[in-house]
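*Asks:* If it helps, the file is called work-v6.pdb and holds PDB, C-alpha atoms:
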```pdb
MODEL        1
ATOM      1  CA  MET Y 229     128.491  77.313 123.053
ATOM      2  CA  LYS Y 230     128.794  78.970 119.640
ATOM      3  CA  LEU Y 231     125.025  79.222 119.452
ATOM      4  CA  LYS Y 232     124.901  80.882 122.863
ATOM      5  CA  LEU Y 233     127.487  83.387 121.669
ATOM      6  CA  LEU Y 234     125.526  84.020 118.467
ATOM      7  CA  PHE Y 235     122.330  84.490 120.421
ATOM      8  CA  ALA Y 236     124.090  86.910 122.788
ATOM      9  CA  VAL Y 237     125.483  88.936 119.861
ATOM     10  CA  LEU Y 238     122.063  89.123 118.178
ATOM     11  CA  LEU Y 239     120.344  90.086 121.389
ATOM     12  CA  GLY Y 240     123.028  92.728 121.904
ATOM     13  CA  LEU Y 241     122.414  94.141 118.419
ATOM     14  CA  LEU Y 242     118.689  94.298 119.069
ATOM     15  CA  MET Y 243     119.319  96.066 122.389
ATOM     16  CA  ILE Y 244     121.609  98.582 120.668
ATOM     17  CA  GLY Y 245     118.827  99.219 118.157
ATOM     18  CA  VAL Y 246     116.264  99.782 120.880
ATOM     19  CA  THR Y 247     118.630 101.946 122.959
ATOM     20  CA  ALA Y 248     119.644 103.994 119.926
ATOM     21  CA  GLY Y 249     115.989 104.488 119.102
ATOM     22  CA  SER Y 250     115.188 105.606 122.636
ATOM     23  CA  ALA Y 251     118.196 107.904 122.827
ATOM     24  CA  ALA Y 252     117.330 109.408 119.473
ATOM     25  CA  ALA Y 253     113.806 109.918 120.699
ATOM     26  CA  ALA Y 254     115.051 112.426 123.277
ATOM     27  CA  PRO Y 255     114.314 116.103 122.554
ATOM     28  CA  ILE Y 256     116.795 117.687 120.156
ATOM     29  CA  HIS Y 257     116.840 121.436 119.368
ATOM     30  CA  ASN Y 258     113.648 122.054 121.358
ATOM     31  CA  GLN Y 259     111.759 119.440 119.373
ATOM     32  CA  PRO Y 260     109.224 117.441 121.435
ATOM     33  CA  ALA Y 261     110.138 113.806 122.115
ATOM     34  CA  PRO Y 262     108.100 111.287 120.094
ATOM     35  CA  GLN Y 263     105.085 110.453 122.230
ATOM     36  CA  GLY Y 264     102.503 109.032 119.862
ATOM     37  CA  GLY Y 265     101.586 105.536 118.798
ATOM     38  CA  VAL Y 266     102.588 101.955 119.274
ATOM     39  CA  GLY Y 267     105.461 100.263 117.453
ATOM     40  CA  ALA Y 268     107.340  96.975 117.498
ATOM     41  CA  GLY Y 269     111.048  97.806 117.522
ATOM     42  CA  SER Y 270     110.162 101.381 116.656
ATOM     43  CA  VAL Y 271     108.995 104.700 118.099
ATOM     44  CA  ILE Y 272     106.368 106.665 116.177
ATOM     45  CA  ASP Y 273     104.872 110.111 116.651
ATOM     46  CA  THR Y 274     102.476 112.026 114.411
ATOM     47  CA  ARG Y 275     101.187 115.565 114.885
ATOM     48  CA  PHE Y 276     100.368 118.797 113.116
ATOM     49  CA  GLU Y 277     102.678 121.781 113.310
ATOM     50  CA  GLY Y 278     102.569 125.308 111.952
ATOM     51  CA  ASN Y 279     100.472 128.458 112.221
ATOM     52  CA  GLY Y 280      97.128 126.655 112.046
ATOM     53  CA  VAL Y 281      97.735 124.696 115.266
ATOM     54  CA  ILE Y 282      96.052 126.324 118.269
ATOM     55  CA  SER Y 283      96.915 123.822 121.015
ATOM     56  CA  THR Y 284      98.345 120.336 121.581
ATOM     57  CA  SER Y 285      97.413 118.018 124.456
ATOM     58  CA  THR Y 286      98.578 114.487 125.210
ATOM     59  CA  TYR Y 287      96.604 111.832 127.069
ATOM     60  CA  PRO Y 288      98.372 108.748 128.444
ATOM     61  CA  ILE Y 289      97.393 105.296 127.201
ATOM     62  CA  TYR Y 290      98.476 102.526 129.555
ATOM     63  CA  LEU Y 291      99.599  99.379 127.759
ATOM     64  CA  PRO Y 292     101.446  96.494 129.461
ATOM     65  CA  GLN Y 293     105.154  97.379 129.823
ATOM     66  CA  LEU Y 294     104.673 100.417 127.641
ATOM     67  CA  GLN Y 295     103.316 103.897 128.089
ATOM     68  CA  ARG Y 296     102.265 105.829 125.026
ATOM     69  CA  TRP Y 297     100.167 108.932 124.491
ATOM     70  CA  LEU Y 298      97.206 109.941 122.410
ATOM     71  CA  VAL Y 299      97.919 113.310 120.829
ATOM     72  CA  TYR Y 300      94.930 115.662 120.600
ATOM     73  CA  GLN Y 301      95.190 118.968 118.773
ATOM     74  CA  LYS Y 302      92.992 121.983 118.107
ATOM     75  CA  VAL Y 303      93.500 123.561 114.710
ATOM     76  CA  ARG Y 304      92.045 126.598 112.947
ATOM     77  CA  HIS Y 305      89.595 125.695 110.178
ATOM     78  CA  GLY Y 306      90.790 126.845 106.753
ATOM     79  CA  SER Y 307      94.347 127.574 107.874
ATOM     80  CA  GLU Y 308      97.548 125.846 106.780
ATOM     81  CA  GLY Y 309     100.103 123.750 108.597
ATOM     82  CA  TYR Y 310     102.017 120.567 108.086
ATOM     83  CA  PHE Y 311     101.649 116.978 109.167
ATOM     84  CA  LYS Y 312     104.822 115.628 110.761
ATOM     85  CA  LEU Y 313     105.540 111.908 111.100
ATOM     86  CA  THR Y 314     108.621 110.935 113.113
ATOM     87  CA  VAL Y 315     109.837 107.333 113.374
ATOM     88  CA  TYR Y 316     112.908 105.856 115.043
ATOM     89  CA  ARG Y 317     113.406 102.166 114.455
ATOM     90  CA  ILE Y 318     115.820  99.247 114.435
ATOM     91  CA  PRO Y 319     117.648  99.923 111.180
ATOM     92  CA  VAL Y 320     116.724  97.049 108.899
ATOM     93  CA  PHE Y 321     115.988  98.021 105.281
ATOM     94  CA  GLY Y 322     113.415 100.653 104.279
ATOM     95  CA  TYR Y 323     110.199 101.976 105.760
ATOM     96  CA  ASP Y 324     106.803 102.493 104.137
ATOM     97  CA  THR Y 325     103.843 104.261 105.637
ATOM     98  CA  LEU Y 326     100.178 104.577 104.730
ATOM     99  CA  ILE Y 327      98.463 107.711 106.043
ATOM    100  CA  ALA Y 328      94.689 108.142 105.965
ATOM    101  CA  PHE Y 329      93.501 111.751 106.271
ATOM    102  CA  PRO Y 330      89.871 112.727 106.791
ATOM    103  CA  ASP Y 331      87.734 113.375 103.742
ATOM    104  CA  GLY Y 332      88.018 116.876 102.324
ATOM    105  CA  MET Y 333      91.379 117.711 103.864
ATOM    106  CA  LYS Y 334      93.873 119.228 101.399
ATOM    107  CA  VAL Y 335      97.203 117.369 101.307
ATOM    108  CA  TYR Y 336     100.086 118.768  99.243
ATOM    109  CA  THR Y 337     101.966 115.570  98.374
ATOM    110  CA  ASN Y 338     104.172 117.364  95.823
ATOM    111  CA  LYS Y 339     105.653 119.482  98.630
ATOM    112  CA  ALA Y 340     106.389 116.547 100.959
ATOM    113  CA  SER Y 341     109.913 116.199 102.333
ATOM    114  CA  GLY Y 342     111.738 113.381 104.112
ATOM    115  CA  MET Y 343     109.966 110.541 102.286
ATOM    116  CA  LYS Y 344     109.039 109.804  98.685
ATOM    117  CA  TYR Y 345     105.368 109.896  97.713
ATOM    118  CA  GLU Y 346     104.411 106.649  95.928
ATOM    119  CA  GLY Y 347     100.719 107.309  95.210
ATOM    120  CA  LYS Y 348      97.397 106.500  96.825
ATOM    121  CA  VAL Y 349      96.388 103.069  98.145
ATOM    122  CA  GLY Y 350      92.628 103.230  98.556
ATOM    123  CA  ILE Y 351      92.009 106.291 100.721
ATOM    124  CA  ALA Y 352      95.551 106.289 102.168
ATOM    125  CA  TYR Y 353      98.636 108.164 100.997
ATOM    126  CA  HIS Y 354     101.675 105.917 100.503
ATOM    127  CA  PHE Y 355     105.127 107.272 101.398
ATOM    128  CA  ARG Y 356     108.426 105.411 101.291
ATOM    129  CA  LYS Y 357     111.996 105.784 102.450
ATOM    130  CA  SER Y 358     114.243 103.083 101.015
ATOM    131  CA  GLY Y 359     117.737 101.924 101.934
ATOM    132  CA  TRP Y 360     119.753  99.252 103.731
ATOM    133  CA  PHE Y 361     119.678 100.844 107.181
ATOM    134  CA  VAL Y 362     116.882 103.368 107.614
ATOM    135  CA  TRP Y 363     116.667 104.187 111.328
ATOM    136  CA  LYS Y 364     115.192 107.685 111.389
ATOM    137  CA  ILE Y 365     112.322 108.989 109.312
ATOM    138  CA  GLN Y 366     110.860 112.469 109.448
ATOM    139  CA  LEU Y 367     108.096 113.216 106.992
ATOM    140  CA  LYS Y 368     106.888 116.807 106.637
ATOM    141  CA  LEU Y 369     103.717 117.088 104.617
ATOM    142  CA  PRO Y 370     102.001 120.457 104.047
ATOM    143  CA  VAL Y 371      98.233 120.346 104.609
ATOM    144  CA  LYS Y 372      95.259 122.707 104.746
ATOM    145  CA  PHE Y 373      92.665 122.150 107.471
ATOM    146  CA  THR Y 374      89.597 121.857 105.280
ATOM    147  CA  ALA Y 375      88.020 118.666 106.641
ATOM    148  CA  GLY Y 376      85.192 120.670 108.225
ATOM    149  CA  ARG Y 377      84.591 121.926 111.743
ATOM    150  CA  GLY Y 378      84.531 119.200 114.374
ATOM    151  CA  HIS Y 379      86.568 116.170 115.407
ATOM    152  CA  HIS Y 380      88.639 114.130 112.943
ATOM    153  CA  ALA Y 381      91.482 111.614 113.021
ATOM    154  CA  VAL Y 382      94.585 110.827 110.985
ATOM    155  CA  ILE Y 383      95.680 107.190 111.032
ATOM    156  CA  SER Y 384      99.248 106.193 110.137
ATOM    157  CA  VAL Y 385     100.377 102.587 109.682
ATOM    158  CA  GLY Y 386     103.950 101.676 108.762
ATOM    159  CA  GLY Y 387     106.684  99.073 108.660
ATOM    160  CA  SER Y 388     109.446  97.588 106.552
ATOM    161  CA  PRO Y 389     107.892  95.991 103.452
ATOM    162  CA  GLU Y 390     111.164  94.188 102.764
ATOM    163  CA  VAL Y 391     110.899  92.255 106.054
ATOM    164  CA  LEU Y 392     107.088  91.946 106.023
ATOM    165  CA  ILE Y 393     107.069  90.512 102.484
ATOM    166  CA  GLY Y 394     110.553  88.999 102.331
ATOM    167  CA  GLY Y 395     110.119  86.786 105.416
ATOM    168  CA  PRO Y 396     107.142  84.713 104.253
ATOM    169  CA  VAL Y 397     108.462  84.669 100.656
ATOM    170  CA  ALA Y 398     111.880  83.366 101.786
ATOM    171  CA  SER Y 399     110.159  80.515 103.663
ATOM    172  CA  LEU Y 400     108.009  79.619 100.666
ATOM    173  CA  VAL Y 401     111.038  79.650  98.350
ATOM    174  CA  ASN Y 402     112.634  77.061 100.644
ATOM    175  CA  GLY Y 403     109.510  74.923 100.226
ATOM    176  CA  GLU Y 404     108.144  75.543 103.703
ATOM    177  CA  LYS Y 405     105.050  77.107 105.177
ATOM    178  CA  PRO Y 406     105.983  80.544 106.578
ATOM    179  CA  LYS Y 407     106.927  80.113 110.236
ATOM    180  CA  LEU Y 408     105.332  83.452 111.097
ATOM    181  CA  PHE Y 409     101.888  82.242 110.051
ATOM    182  CA  THR Y 410     102.229  78.866 111.779
ATOM    183  CA  ALA Y 411     103.489  80.651 114.913
ATOM    184  CA  LEU Y 412     100.547  83.097 114.858
ATOM    185  CA  LYS Y 413      98.127  80.231 114.285
ATOM    186  CA  GLY Y 414      99.759  78.318 117.133
ATOM    187  CA  LEU Y 415      99.529  81.253 119.530
ATOM    188  CA  LEU Y 416      95.901  81.913 118.614
ATOM    189  CA  SER Y 417      95.061  78.271 119.312
ATOM    190  CA  GLY Y 418      96.791  78.473 122.707
ATOM    191  CA  GLN Y 419     100.135  76.825 121.837
ATOM    192  CA  ILE Y 420     102.426  79.307 123.576
ATOM    193  CA  THR Y 421     105.730  77.621 122.749
ATOM    194  CA  LYS Y 422     109.146  79.254 122.908
ATOM    195  CA  SER Y 423     109.662  78.864 119.155
ATOM    196  CA  ASN Y 424     106.330  80.555 118.362
ATOM    197  CA  VAL Y 425     107.054  83.487 120.677
ATOM    198  CA  ILE Y 426     110.643  83.907 119.413
ATOM    199  CA  SER Y 427     109.482  83.876 115.785
ATOM    200  CA  ILE Y 428     106.873  86.543 116.319
ATOM    201  CA  VAL Y 429     109.079  88.782 118.487
ATOM    202  CA  ALA Y 430     112.026  88.573 116.042
ATOM    203  CA  PHE Y 431     109.737  89.321 113.113
ATOM    204  CA  ALA Y 432     107.982  92.206 114.878
ATOM    205  CA  LEU Y 433     111.291  93.817 115.941
ATOM    206  CA  ALA Y 434     112.838  93.527 112.486
ATOM    207  CA  SER Y 435     109.745  94.802 110.681
ATOM    208  CA  GLY Y 436     109.457  97.915 112.879
ATOM    209  CA  ALA Y 437     105.699  97.778 112.314
ATOM    210  CA  ASN Y 438     103.844 100.624 114.000
ATOM    211  CA  VAL Y 439     100.566 102.499 114.142
ATOM    212  CA  ASP Y 440      99.509 105.924 115.379
ATOM    213  CA  VAL Y 441      96.271 107.866 115.581
ATOM    214  CA  LEU Y 442      96.215 111.667 115.751
ATOM    215  CA  VAL Y 443      92.924 113.166 116.859
ATOM    216  CA  PHE Y 444      92.215 116.813 116.046
ATOM    217  CA  ASN Y 445      89.419 119.324 116.281
ATOM    218  CA  GLU Y 446      88.908 121.945 113.608
ATOM    219  CA  VAL Y 447      87.491 125.097 115.220
TER     220      VAL Y 447
ATOM    221  CA  MET G  22     110.736  65.726  96.930
ATOM    222  CA  LYS G  23     107.126  66.107  98.082
ATOM    223  CA  THR G  24     104.544  67.770  95.830
ATOM    224  CA  THR G  25     103.599  70.260  98.560
ATOM    225  CA  LYS G  26     107.240  71.412  98.776
ATOM    226  CA  ILE G  27     107.317  71.978  95.016
ATOM    227  CA  ILE G  28     104.022  73.890  95.108
ATOM    228  CA  LEU G  29     105.137  76.074  98.049
ATOM    229  CA  SER G  30     108.451  76.727  96.335
ATOM    230  CA  ALA G  31     106.765  77.744  93.057
ATOM    231  CA  LEU G  32     104.345  79.956  95.008
ATOM    232  CA  GLY G  33     107.256  81.670  96.795
ATOM    233  CA  ALA G  34     109.002  82.214  93.446
ATOM    234  CA  THR G  35     105.834  83.790  92.021
ATOM    235  CA  PHE G  36     105.519  86.193  94.965
ATOM    236  CA  PHE G  37     109.205  87.059  94.671
ATOM    237  CA  TYR G  38     108.829  87.692  90.932
ATOM    238  CA  PHE G  39     106.169  90.372  91.537
ATOM    239  CA  PHE G  40     107.990  91.833  94.542
ATOM    240  CA  ALA G  41     111.301  92.083  92.666
ATOM    241  CA  LYS G  42     109.610  93.374  89.513
ATOM    242  CA  TYR G  43     107.934  96.163  91.493
ATOM    243  CA  TYR G  44     111.267  97.055  93.071
ATOM    244  CA  ILE G  45     113.178  96.992  89.766
ATOM    245  CA  THR G  46     110.613  99.060  87.850
ATOM    246  CA  HIS G  47     110.866 101.723  90.571
ATOM    247  CA  THR G  48     114.653 101.873  90.199
ATOM    248  CA  THR G  49     116.526 103.825  87.539
ATOM    249  CA  GLU G  50     119.085 101.621  85.788
ATOM    250  CA  PRO G  51     118.765  98.450  87.900
ATOM    251  CA  GLY G  52     121.894  96.314  88.048
ATOM    252  CA  PHE G  53     124.271  94.420  90.286
ATOM    253  CA  GLN G  54     123.539  96.634  93.308
ATOM    254  CA  GLU G  55     119.801  95.848  93.209
ATOM    255  CA  ALA G  56     120.594  92.119  92.957
ATOM    256  CA  ILE G  57     122.742  92.386  96.103
ATOM    257  CA  PHE G  58     120.020  94.376  97.881
ATOM    258  CA  LEU G  59     117.289  91.829  97.096
ATOM    259  CA  ALA G  60     119.652  88.977  98.019
ATOM    260  CA  GLY G  61     120.242  90.749 101.337
ATOM    261  CA  ILE G  62     116.493  91.085 101.918
ATOM    262  CA  MET G  63     115.883  87.397 101.214
ATOM    263  CA  ALA G  64     118.825  86.202 103.327
ATOM    264  CA  PHE G  65     117.993  88.459 106.290
ATOM    265  CA  SER G  66     114.274  87.682 106.132
ATOM    266  CA  SER G  67     115.056  83.978 106.026
ATOM    267  CA  PHE G  68     117.351  84.415 109.030
ATOM    268  CA  ILE G  69     114.590  86.158 111.012
ATOM    269  CA  HIS G  70     112.135  83.441 110.048
ATOM    270  CA  ASN G  71     114.550  80.686 111.125
ATOM    271  CA  PHE G  72     115.823  82.458 114.230
ATOM    272  CA  TRP G  73     113.814  80.130 116.481
ATOM    273  CA  GLU G  74     115.815  77.138 115.173
ATOM    274  CA  LEU G  75     118.925  78.577 116.810
ATOM    275  CA  THR G  76     117.305  79.233 120.149
ATOM    276  CA  ASP G  77     114.762  76.504 120.860
ATOM    277  CA  PRO G  78     116.416  73.483 122.503
ATOM    278  CA  LYS G  79     113.326  71.281 122.110
ATOM    279  CA  ARG G  80     113.291  71.622 118.338
ATOM    280  CA  GLY G  81     116.888  70.522 117.939
ATOM    281  CA  ARG G  82     118.858  73.758 117.526
ATOM    282  CA  ASN G  83     119.470  72.872 113.934
ATOM    283  CA  SER G  84     121.891  75.596 112.918
ATOM    284  CA  LYS G  85     122.986  73.718 109.784
ATOM    285  CA  ARG G  86     119.411  73.654 108.483
ATOM    286  CA  ALA G  87     118.820  77.310 109.370
ATOM    287  CA  PHE G  88     121.991  78.547 107.665
ATOM    288  CA  ALA G  89     121.377  76.372 104.575
ATOM    289  CA  ARG G  90     118.009  78.135 104.230
ATOM    290  CA  VAL G  91     119.578  81.577 104.698
ATOM    291  CA  ILE G  92     122.235  80.897 102.052
ATOM    292  CA  SER G  93     119.776  79.397  99.561
ATOM    293  CA  ALA G  94     117.343  82.311 100.030
ATOM    294  CA  GLY G  95     120.180  84.806  99.476
ATOM    295  CA  LEU G  96     121.411  82.964  96.387
ATOM    296  CA  PHE G  97     117.881  82.779  95.064
ATOM    297  CA  GLY G  98     117.360  86.518  95.564
ATOM    298  CA  PHE G  99     120.632  87.388  93.816
ATOM    299  CA  ILE G 100     120.305  85.121  90.748
ATOM    300  CA  SER G 101     116.565  85.765  90.340
ATOM    301  CA  THR G 102     117.029  89.539  90.333
ATOM    302  CA  LEU G 103     119.774  89.294  87.715
ATOM    303  CA  LEU G 104     117.470  87.061  85.637
ATOM    304  CA  LEU G 105     114.683  89.605  85.947
ATOM    305  CA  ILE G 106     116.971  92.465  84.912
ATOM    306  CA  HIS G 107     118.524  90.739  81.902
ATOM    307  CA  GLU G 108     115.655  88.587  80.593
ATOM    308  CA  THR G 109     112.165  89.320  79.298
ATOM    309  CA  SER G 110     109.230  88.642  81.635
ATOM    310  CA  LEU G 111     108.228  85.053  80.748
ATOM    311  CA  PRO G 112     111.703  83.452  80.549
ATOM    312  CA  ALA G 113     112.662  85.282  83.733
ATOM    313  CA  PHE G 114     109.545  84.040  85.533
ATOM    314  CA  LEU G 115     110.090  80.439  84.395
ATOM    315  CA  GLY G 116     113.764  80.659  85.348
ATOM    316  CA  ILE G 117     112.900  81.990  88.808
ATOM    317  CA  VAL G 118     110.365  79.214  89.447
ATOM    318  CA  ALA G 119     112.835  76.546  88.231
ATOM    319  CA  LEU G 120     115.617  78.039  90.368
ATOM    320  CA  SER G 121     113.390  78.090  93.439
ATOM    321  CA  ILE G 122     112.440  74.424  93.060
ATOM    322  CA  ALA G 123     116.056  73.439  92.342
ATOM    323  CA  LEU G 124     117.385  75.284  95.409
ATOM    324  CA  SER G 125     114.621  73.811  97.546
ATOM    325  CA  TRP G 126     115.648  70.332  96.395
ATOM    326  CA  ILE G 127     119.368  70.984  97.011
ATOM    327  CA  ASN G 128     118.456  72.342 100.433
ATOM    328  CA  GLN G 129     116.542  69.151 101.176
ATOM    329  CA  VAL G 130     119.438  66.955 100.021
ATOM    330  CA  ILE G 131     121.926  68.850 102.203
ATOM    331  CA  THR G 132     119.839  69.061 105.352
ATOM    332  CA  GLY G 133     117.688  65.950 104.887
ATOM    333  CA  ASN G 134     114.557  67.987 105.603
TER     334      ASN G 134
ENDMDL
END
```
Can I see the file as structure tokens?

*Replies:*
Amino acid sequence: MKLKLLFAVLLGLLMIGVTAGSAAAAPIHNQPAPQGGVGAGSVIDTRFEGNGVISTSTYPIYLPQLQRWLVYQKVRHGSEGYFKLTVYRIPVFGYDTLIAFPDGMKVYTNKASGMKYEGKVGIAYHFRKSGWFVWKIQLKLPVKFTAGRGHHAVISVGGSPEVLIGGPVASLVNGEKPKLFTALKGLLSGQITKSNVISIVAFALASGANVDVLVFNEV
Amino acid sequence: MKTTKIILSALGATFFYFFAKYYITHTTEPGFQEAIFLAGIMAFSSFIHNFWELTDPKRGRNSKRAFARVISAGLFGFISTLLLIHETSLPAFLGIVALSIALSWINQVITGN
């Protein structure tokens, strides 16, 4: 009985997180609602804003139980603007993101606001917002459209490193193989058990892992 | 205690050492608050990882085992971070590995698993 109650409370908390995220995703002060990429327990949207942006179009992507959009923008070559990343998520610890811009594009990391720049990881720029309960992130990063005329893409991948790293480490510390990995292995080998599914869903929701691709054309 | 359990525990402690060290070096004046934060991360992450134990009837709904893991992970995170803040690298690392194995053993004694 107690376990049922506990499960109900936890499920309720998760629902509040999702509802709060969705409600927060509604347009505020004429800002467009987040429409971009795919996230587990999170909503993500990336796009360019500013004088250099000529037009913005969205194309629907149909995923099971979820409708998201691919954002396509036309920008003026050589002009300036800023890259905006918006994330609403279930508030569990911090959020890190890796953003890969096309080669040759000028990115002014020293003028970034909303997240702290941590340095480059390979070709990607690493930004972080730390805390106990980070539920809204809005990164504004000034850029100059110098990637060259033609089509390009910006890829953003993010999530909570505390949950992504802490989960497997906590299992290992207790002398056990991380349940996440055994659950993933089980699912990949066709063992769709309740425990495997619950483990992966709980982990995905708590991590707030997400990905978005912004396609743009420099003209 | 099985050798594999000791190896996994030492491996987890090593990963935690680098994770916590990265976090502490990126914090100005690390102290008690950081220890609580890392303890919170370990306890919550352990809870998420053991969530299935509380919900899957076929696997026994072993809440005692799940909560023992959550508490030991939280304790480990707290003490290990304090060790890392107040000790030099090698003693801190050895202390963290020893603590991890000790907690894993206590956990096994309590839960029988």

*Asks:* Could you list, as a ChimeraX atom specification, the residues of chain Y having an atom within 12 Å of chain G when counting only C-alpha atoms?

*Replies:* /Y:229-236,238-239,320-322,344,346,356,358-361,388-411,421-435

*Asks:* One decimal, Å: what's the distance from atom CA of Ile383 of chain Y over to atom CA of Gly265 of chain Y, could you say?

*Replies:*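 Distance reported for this atom pair: 9.9 Å.
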
*Asks:* Rounded to one decimal, what separation in Å do you get between atom CA of Ala41 of chain G and atom CA of Ile92 of chain G?

*Replies:*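 Atom CA of Ile92 of chain G lies at a distance of 18.2 Å from atom CA of Ala41 of chain G.
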
*Asks:* Could you check the closest approach to Lys372 of chain Y for each of Y:Gly414, Y:Gly309, Y:Pro288, Y:Gly350 and tell me which residue wins, using only C-alpha atoms?

*Replies:*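 Once distances to Lys372 of chain Y are computed over only C-alpha atoms, the minimum belongs to Y:Gly309.
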
*Asks:* Hey, which of Y:Thr286, Y:Thr374, Y:Gln419, Y:Ser270 ends up closest to Val335 of chain Y? Count all atoms listed in the file.

*Replies:*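 Counting all atoms listed in the file, the residue closest to Val335 of chain Y is Y:Thr374.
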
*Asks:* What is the atom CA of Glu55 of chain G to atom CA of Tyr38 of chain G distance in Å?

*Replies:* 13.9 Å

*Asks:* How would you write, as a VMD selection string, the residues chosen by the PyMOL selection byres ((chain G and resi 104) around 12) on this structure?

*Replies:* chain G and resid 38 41 to 42 45 51 to 53 55 to 56 97 to 103 105 to 120

*Asks:* Once the PyMOL selection byres ((chain Y and resi 277) around 8) has been applied to the shown file, what residues remain in the selection, as a PyMOL selection string?

*Replies:* chain Y and resi 275-276+278-281+309-312

*Asks:* Can you list, as an mmCIF file with C-alpha atoms, in the frame of the given file, the residues that the PyMOL selection byres ((chain Y and resi 328) around 10) selects here?

*Replies:*
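part-v9.cif written:
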```cif
data_model
loop_
_atom_site.group_PDB
_atom_site.id
_atom_site.type_symbol
_atom_site.label_atom_id
_atom_site.label_comp_id
_atom_site.auth_asym_id
_atom_site.auth_seq_id
_atom_site.Cartn_x
_atom_site.Cartn_y
_atom_site.Cartn_z
ATOM 1 C CA THR Y 325 103.843 104.261 105.637
ATOM 2 C CA LEU Y 326 100.178 104.577 104.730
ATOM 3 C CA ILE Y 327 98.463 107.711 106.043
ATOM 4 C CA PHE Y 329 93.501 111.751 106.271
ATOM 5 C CA PRO Y 330 89.871 112.727 106.791
ATOM 6 C CA ASP Y 331 87.734 113.375 103.742
ATOM 7 C CA LYS Y 348 97.397 106.500 96.825
ATOM 8 C CA VAL Y 349 96.388 103.069 98.145
ATOM 9 C CA GLY Y 350 92.628 103.230 98.556
ATOM 10 C CA ILE Y 351 92.009 106.291 100.721
ATOM 11 C CA ALA Y 352 95.551 106.289 102.168
ATOM 12 C CA TYR Y 353 98.636 108.164 100.997
ATOM 13 C CA HIS Y 354 101.675 105.917 100.503
ATOM 14 C CA ALA Y 381 91.482 111.614 113.021
ATOM 15 C CA VAL Y 382 94.585 110.827 110.985
ATOM 16 C CA ILE Y 383 95.680 107.190 111.032
ATOM 17 C CA SER Y 384 99.248 106.193 110.137
ATOM 18 C CA VAL Y 385 100.377 102.587 109.682
ATOM 19 C CA VAL Y 441 96.271 107.866 115.581
#
```

*Asks:* Using all atoms listed in the file, which residues sit within 6 Å of Asn438 of chain Y once same-chain residues fewer than 6 positions away are excluded, as a list in words?

*Replies:*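 Everything that qualifies: Val266, Gly267, Val385 and Gly386 of chain Y.
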
*Asks:* Missing atoms in segment 280-289 of chain Y should be modelled up to N, CA, C and O atoms and reported as a PDB file, in the coordinates of the input.

*Replies:*
```pdb
ATOM      1  N   GLY Y 280      98.520 127.051 111.859  1.00  0.00           N
ATOM      2  CA  GLY Y 280      97.128 126.655 112.046  1.00  0.00           C
ATOM      3  C   GLY Y 280      96.853 125.901 113.339  1.00  0.00           C
ATOM      4  O   GLY Y 280      95.694 125.706 113.716  1.00  0.00           O
ATOM      5  N   VAL Y 281      97.922 125.475 114.035  1.00  0.00           N
ATOM      6  CA  VAL Y 281      97.735 124.696 115.266  1.00  0.00           C
ATOM      7  C   VAL Y 281      97.508 125.632 116.439  1.00  0.00           C
ATOM      8  O   VAL Y 281      98.336 126.509 116.726  1.00  0.00           O
ATOM      9  N   ILE Y 282      96.384 125.457 117.126  1.00  0.00           N
ATOM     10  CA  ILE Y 282      96.052 126.324 118.269  1.00  0.00           C
ATOM     11  C   ILE Y 282      96.630 125.731 119.557  1.00  0.00           C
ATOM     12  O   ILE Y 282      97.265 126.420 120.352  1.00  0.00           O
ATOM     13  N   SER Y 283      96.403 124.457 119.791  1.00  0.00           N
ATOM     14  CA  SER Y 283      96.915 123.822 121.015  1.00  0.00           C
ATOM     15  C   SER Y 283      97.153 122.325 120.797  1.00  0.00           C
ATOM     16  O   SER Y 283      96.559 121.711 119.911  1.00  0.00           O
ATOM     17  N   THR Y 284      98.036 121.768 121.642  1.00  0.00           N
ATOM     18  CA  THR Y 284      98.345 120.336 121.581  1.00  0.00           C
ATOM     19  C   THR Y 284      98.258 119.762 122.989  1.00  0.00           C
ATOM     20  O   THR Y 284      98.867 120.296 123.915  1.00  0.00           O
ATOM     21  N   SER Y 285      97.486 118.701 123.154  1.00  0.00           N
ATOM     22  CA  SER Y 285      97.413 118.018 124.456  1.00  0.00           C
ATOM     23  C   SER Y 285      97.745 116.543 124.252  1.00  0.00           C
ATOM     24  O   SER Y 285      97.495 115.997 123.188  1.00  0.00           O
ATOM     25  N   THR Y 286      98.308 115.928 125.296  1.00  0.00           N
ATOM     26  CA  THR Y 286      98.578 114.487 125.210  1.00  0.00           C
ATOM     27  C   THR Y 286      97.879 113.775 126.363  1.00  0.00           C
ATOM     28  O   THR Y 286      97.855 114.273 127.494  1.00  0.00           O
ATOM     29  N   TYR Y 287      97.306 112.634 126.059  1.00  0.00           N
ATOM     30  CA  TYR Y 287      96.604 111.832 127.069  1.00  0.00           C
ATOM     31  C   TYR Y 287      97.273 110.462 127.156  1.00  0.00           C
ATOM     32  O   TYR Y 287      97.451 109.806 126.126  1.00  0.00           O
ATOM     33  N   PRO Y 288      97.669 110.035 128.346  1.00  0.00           N
ATOM     34  CA  PRO Y 288      98.372 108.748 128.444  1.00  0.00           C
ATOM     35  C   PRO Y 288      97.475 107.545 128.142  1.00  0.00           C
ATOM     36  O   PRO Y 288      96.308 107.522 128.504  1.00  0.00           O
ATOM     37  N   ILE Y 289      98.071 106.576 127.445  1.00  0.00           N
ATOM     38  CA  ILE Y 289      97.393 105.296 127.201  1.00  0.00           C
ATOM     39  C   ILE Y 289      98.257 104.259 127.905  1.00  0.00           C
ATOM     40  O   ILE Y 289      99.459 104.181 127.628  1.00  0.00           O
TER      41      ILE Y 289
END
```
